[in-house]
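Peer 1: Quick one: this structure, given as structure tokens, is what I'll be asking you about.
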Amino acid sequence: MGNSKQMNRLILSAAITGILMSATAMAQDSTQAQDTQATTTPATARKTPPRQANAKTTTTLQQVVVTGSATGVKKIDASYTLTTADAEQIKQANPKSTADLLKIAPGLWPESTGGQTGANIEIAGFPGGGDAPFNTVQMMGSPLYGMPTLSFFEQTTIFRLDDTIERVEILQGGPSVVFADGQIGATENFILKQGTEVPSGSIGVTYGSENLKRVDGFFGFPVAENWYGSVGGFYRDSDGVRDPQFAADKGGQFTATLTHDSDRGSMMLYARALNDKNQFITPIPLIQNGTDNFSAYPGFDPLKDTYNSKYIQHVFLAGYPGGGTHADLANGRGAKMNFFGGNFDYDLGNGWTISDKFLIDAGDVDTNALFSGSNPATLNDELYNTPSSQGGFELPAGSATATYAGPGGGGAVDPNQSVIHQGWWYIHKHLKNINNDFRLSKEIFEGNTLTAGVYLAHYTMDDKWALGNQMLMTNTPNARPIMVSYNDAGTIKQLTDNQGFLDNGGYNIAQHGTATNKAFYLSDSWRVGPWLFDASARLENQDATNNVC
């Protein structure tokens with residue numbers, strides 16, 4: 001009935017001195033012990049060589065990157081992989097989604113997915129296998145959720161790109177294992193635009209094929225002396241590349257910031273509301289000959305067709321925990337989330353500085369989608385001739401009556417009609433997250449800064465799943481559900497219900513998870529002439545419990 005699991009993790013990142021002479025040498029040691037994880041992040045020493053570069057390249061290389069660093073580091077000084085893009089470069093990359101933007105970073109592969117969200121994100125050297133277990137998304141330096149390993153969830157699902165983004169910093173490896181949530185894979189940190197002394201902004205209207213209509217806007221402005229505000233966001237409605245007979249993508253996002261600057265520091269608060277619904281598409285039928293020869297299935301255009309339709313859009317899932325529930329395919333794999341966070345940086349004098357980042361967010365990240373079941377077959381073969389081991393039903397010959405179900409139902413189905421059964425899955429996921437990253441830094445002597453930090457996070461998950469729910473439907477674009485009854489020795493029985501469902505789900509669960517993460521870290525940055533030495537260590541304890549029914 002219940003399953004409880006506790007996890008305790010100890011991560012220790014210790015520095016190893018790098019000795020560089022005519023060429024850079026780096027030593028790295030990694031140790032592991034039972035019930036203990038010790039991850040070694042190499043101390044780095046780098047000498048910046050003279051170079052000839054154009055003005056734009058020089059400006060980019062001199063950019064200070066704040067992700068995965070105690071005090072910020074120039075891009076040219078970092079001895080680990082850093083990829084940055086400003087608002088204009090993000091537009092030039094023309095990403096289809098937040099996950100798709102990650103293709104600008106070497107070693108990151110966002111899977112091409114049937115929608116705005118739900119991409120598997122693979123990172124070179126890490127055995128992901130699905131979702132994005134080694135990828136963290138941050139906003140203003142704060143992780144959007146404490147753990148990246150939940151099923152039916154990856155963090156780009158709860159983040160959208162729009163004109164409120166100033167830039168993105170993508171960090172792989174290096175010191176990312178030390179700061180914030182201690183991500184060992186890749187971290188993307190999105191920095192928001194803020195208000196300025198001179199009011200400025202932008203507005204854009206997009207109209208395109210697929211009945212796309214989108215409005216984007218941003219406005220930054222002064223509020224009072226040394227106080228600045230900004231507002232912005234987008235709203236979009238589209239039928240999508242594969243028209244499901246309802247809005248494939250519909251919703252928007254609104255972001256606001258309030259900033260105060262002083263002679264000794266700054267404070268910035270931000271809030272974001274996201275409510276966006278995105279069609280989620282799994283594979284479409286193809287004919288395979290040999291190992292690498294594929295062609296279109298008759299009547300199904302592989303470039304633009306989808307099974308999703310108005311006929312199977314609204315259903316009642318009887319197996320959903322708590323007595324069943326209504327579900328809507330148009331909700332897709334979307335997100336309805338609210339965020340509130342803040343950053344505070346202050347110079348205490350005498351070489352002491354403090355920094356604090358916090359983020360509170362909560363909301364729903366649901367999945368409503370079809371998942372492929374049997375191979376296509378004619379209705380006649382599916383009912384009578386296909387073995388049950390291959391998805392057939394092996395009914396008594398000539399015993400079945402098949403009619404169309406759903407809206408506009410009625411009418412007999414042609415025995416030669418190609419059919420398929422697919423799972424109509426619904427996953428309701430409610431997430432809550434709060435985290436805080438506090439840092440105290442001291443310049444020990446000129447060029448050497450020591451930083452001590454504490455990262456605290458508490459996050460919860462409440463899920464209800466209804467998986468399975470095999471629905472018999474036409475193997476056609478914008479499929480129609482099929483209702484089948486049959487005569488068994490004089491008794492009329494139902495193969496499917498009046499919605500076309502063959503079953504009420506093979507995996508219906510309710511679960512509640514809660515986790516707390518506590519970490520203490522030290523980081524020392526020492527610049528000696530053209531050399532930069534970094535050494536960091538982190539001690540972490542994570543306790544997670546999940547109860548499943």
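In the structure tokens, the first chain shown is A, the next is B, and so on; residue numbers restart at 1 for each chain, and ligands run from 1 in the order shown.
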DSSP says strand (DSSP E) for which residues of stretch 361-424 of chain A? Put them as an NGL selection string?
Peer 2: :A and (361-364 or 367-371 or 377-378 or 400-404 or 418-424)
Peer 1: Residues of the last selection are to be written out with N, CA, C and O atoms, as a compact mmCIF listing (two decimals), in the first residue's frame.
Peer 2:
```txt
# COMPACT_ATOMS: atom_id res chain seq x y z
N ASP A 361 7.60 28.72 -5.95
CA ASP A 361 6.71 28.48 -7.08
C ASP A 361 5.83 27.27 -6.82
O ASP A 361 6.17 26.40 -6.00
N ALA A 362 4.71 27.23 -7.50
CA ALA A 362 3.75 26.14 -7.33
C ALA A 362 2.80 26.12 -8.51
O ALA A 362 2.58 27.14 -9.16
N GLY A 363 2.25 24.94 -8.77
CA GLY A 363 1.26 24.84 -9.84
C GLY A 363 1.13 23.43 -10.38
O GLY A 363 1.66 22.47 -9.81
N ASP A 364 0.40 23.32 -11.49
CA ASP A 364 0.09 22.03 -12.10
C ASP A 364 0.86 21.85 -13.40
O ASP A 364 0.96 22.79 -14.22
N THR A 367 -0.22 16.04 -17.95
CA THR A 367 -0.02 15.42 -19.26
C THR A 367 -1.32 14.76 -19.69
O THR A 367 -1.89 13.95 -18.96
N ASN A 368 -1.80 15.14 -20.87
CA ASN A 368 -2.97 14.52 -21.51
C ASN A 368 -2.52 14.11 -22.91
O ASN A 368 -2.31 14.98 -23.77
N ALA A 369 -2.38 12.83 -23.16
CA ALA A 369 -1.78 12.44 -24.44
C ALA A 369 -2.12 11.00 -24.79
O ALA A 369 -2.45 10.19 -23.92
N LEU A 370 -2.00 10.70 -26.09
CA LEU A 370 -2.10 9.33 -26.57
C LEU A 370 -0.72 8.69 -26.59
O LEU A 370 0.26 9.34 -26.95
N PHE A 371 -0.66 7.41 -26.18
CA PHE A 371 0.59 6.66 -26.26
C PHE A 371 0.33 5.38 -27.05
O PHE A 371 -0.62 4.65 -26.78
N ALA A 377 -4.15 -2.55 -38.11
CA ALA A 377 -4.71 -3.72 -38.81
C ALA A 377 -6.11 -3.35 -39.27
O ALA A 377 -6.69 -2.36 -38.78
N THR A 378 -6.67 -4.11 -40.18
CA THR A 378 -8.06 -3.86 -40.55
C THR A 378 -8.94 -4.23 -39.36
O THR A 378 -8.57 -5.06 -38.51
N ALA A 400 -19.26 -9.73 -34.06
CA ALA A 400 -19.13 -8.37 -33.56
C ALA A 400 -19.92 -7.36 -34.37
O ALA A 400 -20.14 -7.52 -35.58
N THR A 401 -20.33 -6.30 -33.68
CA THR A 401 -20.95 -5.13 -34.30
C THR A 401 -20.13 -3.91 -33.91
O THR A 401 -19.91 -3.67 -32.72
N ALA A 402 -19.66 -3.16 -34.89
CA ALA A 402 -18.79 -2.01 -34.63
C ALA A 402 -19.42 -0.74 -35.17
O ALA A 402 -19.82 -0.68 -36.34
N THR A 403 -19.54 0.26 -34.30
CA THR A 403 -20.08 1.56 -34.70
C THR A 403 -19.16 2.66 -34.17
O THR A 403 -18.40 2.47 -33.23
N TYR A 404 -19.27 3.83 -34.79
CA TYR A 404 -18.47 4.96 -34.33
C TYR A 404 -19.02 5.50 -33.01
O TYR A 404 -20.23 5.62 -32.82
N SER A 418 -8.83 0.51 -41.49
CA SER A 418 -7.63 0.33 -40.67
C SER A 418 -7.86 0.92 -39.29
O SER A 418 -8.33 2.06 -39.15
N VAL A 419 -7.53 0.14 -38.26
CA VAL A 419 -7.77 0.57 -36.89
C VAL A 419 -6.50 0.36 -36.06
O VAL A 419 -5.56 -0.33 -36.47
N ILE A 420 -6.51 0.95 -34.89
CA ILE A 420 -5.39 0.84 -33.94
C ILE A 420 -5.95 1.09 -32.55
O ILE A 420 -7.00 1.72 -32.41
N HIS A 421 -5.32 0.54 -31.52
CA HIS A 421 -5.72 0.99 -30.18
C HIS A 421 -4.53 1.61 -29.49
O HIS A 421 -3.40 1.14 -29.56
N GLN A 422 -4.82 2.75 -28.82
CA GLN A 422 -3.79 3.55 -28.17
C GLN A 422 -4.24 3.91 -26.76
O GLN A 422 -5.43 4.03 -26.48
N GLY A 423 -3.25 4.12 -25.89
CA GLY A 423 -3.55 4.52 -24.53
C GLY A 423 -3.85 6.00 -24.43
O GLY A 423 -3.10 6.83 -24.93
N TRP A 424 -4.97 6.33 -23.77
CA TRP A 424 -5.35 7.73 -23.49
C TRP A 424 -4.89 7.99 -22.06
O TRP A 424 -5.57 7.64 -21.11
```
Peer 1: Fewer than 2 positions away in the same chain doesn't count, so skip those; otherwise give me all residues within 9 Å of A:Gly529, counting only C-alpha atoms, as a list in words.
Peer 2: Lys47, Gly447, Arg527, Trp531 and Leu532 of chain A
Peer 1: In Å, rounded to a single decimal, give me how far atom CA of A:Asn275 is from atom CA of A:Gly217.
Peer 2: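 Value for the atom CA of A:Gly217-atom CA of A:Asn275 distance: 16.5 Å.
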Peer 1: May I have a table of the residues of stretch 448-546 of chain A lying at most 10 Å from stretch 354-357 of chain A, giving each one's closest pair of atoms and their distance in Å to one decimal, counting only C-alpha atoms, ordered by chain and ascending residue number, as a Markdown table?
Peer 2:
```
| residue | atom | partner | partner_atom | distance |
| --- | --- | --- | --- | --- |
| A:Thr451 | CA | A:Ile354 | CA | 9.3 |
| A:Ala452 | CA | A:Ile354 | CA | 9.8 |
| A:Gly453 | CA | A:Ser355 | CA | 9.2 |
| A:Val454 | CA | A:Asp356 | CA | 9.7 |
| A:Tyr455 | CA | A:Lys357 | CA | 9.5 |
```
Peer 1: Running DSSP on the backbone, which parts of stretch 227-445 of chain A land in helix (DSSP H, G or I), as number ranges by chain?
Peer 2: A: 329-331, 379-385, 388-390
Peer 1: Have a look at A:Leu431, A:Ala397, A:Ala519, A:Leu495 and name the one nearest to A:Gln155; count only C-alpha atoms.
Peer 2: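 Using only C-alpha atoms, A:Gln155 sits closest to A:Leu431.
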Peer 1: Find the residues around A:Ala105 up to 12 Å (only C-alpha atoms counted), leave out those fewer than 2 positions away in its own chain, and share them as a PyMOL selection string.
Peer 2: chain A and resi 81-85+93+99-103+107-110+122-124+168-172+186-188
Peer 1: Could those selected residues go to a file with N, CA, C and O atoms, as a CSV table (one decimal), in the first residue's frame?
Peer 2:
```csv
chain,number,residue,atom,x,y,z
A,81,THR,N,32.9,24.5,-19.7
A,81,THR,CA,32.1,24.8,-20.8
A,81,THR,C,31.0,25.8,-20.4
A,81,THR,O,30.1,25.5,-19.6
A,82,LEU,N,31.0,27.0,-21.0
A,82,LEU,CA,30.0,28.0,-20.8
A,82,LEU,C,29.5,28.5,-22.2
A,82,LEU,O,30.3,28.8,-23.1
A,83,THR,N,28.2,28.5,-22.3
A,83,THR,CA,27.6,29.0,-23.5
A,83,THR,C,26.6,30.1,-23.1
A,83,THR,O,25.8,29.9,-22.2
A,84,THR,N,26.7,31.3,-23.8
A,84,THR,CA,25.8,32.4,-23.5
A,84,THR,C,25.1,32.9,-24.7
A,84,THR,O,25.6,32.7,-25.8
A,85,ALA,N,23.9,33.4,-24.6
A,85,ALA,CA,23.2,34.0,-25.7
A,85,ALA,C,22.4,35.2,-25.2
A,85,ALA,O,21.6,35.0,-24.2
A,93,ALA,N,18.7,32.0,-33.0
A,93,ALA,CA,18.7,30.5,-32.9
A,93,ALA,C,17.3,30.0,-33.3
A,93,ALA,O,17.2,28.8,-33.6
A,99,ALA,N,13.5,23.9,-24.5
A,99,ALA,CA,14.4,22.8,-24.7
A,99,ALA,C,15.2,22.9,-26.0
A,99,ALA,O,16.4,22.6,-26.0
A,100,ASP,N,14.5,23.3,-27.0
A,100,ASP,CA,15.2,23.4,-28.3
A,100,ASP,C,16.3,24.4,-28.4
A,100,ASP,O,17.2,24.3,-29.1
A,101,LEU,N,16.2,25.4,-27.5
A,101,LEU,CA,17.3,26.4,-27.4
A,101,LEU,C,18.6,25.8,-27.0
A,101,LEU,O,19.7,26.3,-27.3
A,102,LEU,N,18.6,24.7,-26.2
A,102,LEU,CA,19.8,24.1,-25.7
A,102,LEU,C,20.7,23.5,-26.8
A,102,LEU,O,21.8,23.2,-26.5
A,103,LYS,N,20.2,23.5,-28.0
A,103,LYS,CA,21.0,23.0,-29.1
A,103,LYS,C,22.2,23.9,-29.4
A,103,LYS,O,23.1,23.5,-30.1
A,107,GLY,N,27.3,19.4,-26.7
A,107,GLY,CA,27.1,18.3,-25.7
A,107,GLY,C,25.7,18.1,-25.2
A,107,GLY,O,25.4,17.2,-24.5
A,108,LEU,N,24.8,19.1,-25.6
A,108,LEU,CA,23.4,19.0,-25.2
A,108,LEU,C,22.6,18.6,-26.4
A,108,LEU,O,22.7,19.2,-27.4
A,109,TRP,N,21.7,17.6,-26.2
A,109,TRP,CA,20.8,17.2,-27.3
A,109,TRP,C,19.4,17.1,-26.9
A,109,TRP,O,19.0,16.2,-26.2
A,110,PRO,N,18.6,18.2,-27.2
A,110,PRO,CA,17.2,18.1,-26.9
A,110,PRO,C,16.5,17.3,-28.0
A,110,PRO,O,16.6,17.7,-29.2
A,122,GLU,N,19.3,15.0,-23.5
A,122,GLU,CA,20.4,14.1,-23.3
A,122,GLU,C,21.7,15.0,-23.2
A,122,GLU,O,21.8,16.0,-23.9
A,123,ILE,N,22.6,14.6,-22.3
A,123,ILE,CA,23.8,15.4,-22.0
A,123,ILE,C,25.0,14.4,-22.2
A,123,ILE,O,25.0,13.3,-21.6
A,124,ALA,N,26.0,14.8,-23.0
A,124,ALA,CA,27.1,14.0,-23.3
A,124,ALA,C,27.7,13.5,-22.0
A,124,ALA,O,28.0,14.3,-21.1
A,168,VAL,N,20.7,34.1,-21.6
A,168,VAL,CA,20.8,32.8,-21.0
A,168,VAL,C,22.2,32.4,-20.8
A,168,VAL,O,23.0,32.7,-21.7
A,169,GLU,N,22.6,31.8,-19.7
A,169,GLU,CA,23.9,31.2,-19.5
A,169,GLU,C,23.8,29.7,-19.3
A,169,GLU,O,23.0,29.3,-18.4
A,170,ILE,N,24.5,28.9,-20.1
A,170,ILE,CA,24.4,27.5,-20.0
A,170,ILE,C,25.7,27.0,-19.6
A,170,ILE,O,26.8,27.2,-20.2
A,171,LEU,N,25.7,26.3,-18.4
A,171,LEU,CA,26.9,25.8,-17.8
A,171,LEU,C,26.9,24.3,-17.8
A,171,LEU,O,25.9,23.7,-17.4
A,172,GLN,N,28.0,23.7,-18.2
A,172,GLN,CA,28.1,22.2,-18.1
A,172,GLN,C,29.3,21.8,-17.2
A,172,GLN,O,30.4,22.3,-17.5
A,186,ALA,N,24.0,19.7,-16.6
A,186,ALA,CA,24.0,21.0,-17.3
A,186,ALA,C,22.9,21.9,-16.5
A,186,ALA,O,21.9,21.4,-16.0
A,187,THR,N,23.2,23.2,-16.5
A,187,THR,CA,22.4,24.2,-15.9
A,187,THR,C,22.2,25.3,-16.8
A,187,THR,O,23.1,25.9,-17.3
A,188,GLU,N,20.9,25.7,-17.1
A,188,GLU,CA,20.6,26.9,-17.8
A,188,GLU,C,20.0,27.9,-16.9
A,188,GLU,O,19.0,27.7,-16.2
```
Peer 1: Go ahead and compute the interatomic distance for atom CA of A:Pro148 and atom CA of A:Leu161, in Å to one decimal.
Peer 2: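 Those two atoms sit 19.6 Å apart.
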Peer 1: Between A:Phe339, A:Phe246, A:Phe438, A:Tyr346, which has the minimum distance to A:Gln279 (counting only C-alpha atoms)?
Peer 2: A:Phe246
Peer 1: Would you pick out the contacts of A:Ser200 at 7 Å or less, using only C-alpha atoms, so that residues sharing its chain but fewer than 2 positions from it are not included, and give the list as JSON, numbers by chain?
Peer 2: {"A": [198, 219, 220, 221]}
Peer 1: Please list as an NGL selection string every residue within 8 Å of A:Val231, counting only C-alpha atoms and excluding residues in the same chain fewer than 3 positions away.
Peer 2: :A and (164 or 218-220 or 254-257)
Peer 1: Of the candidates A:Gln470, A:Asn448, A:Thr291, A:Asn546, which one gets nearest to A:Gly319 if we count only C-alpha atoms?
Peer 2: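 Of the candidates, the smallest distance to A:Gly319 is held by A:Gln470.
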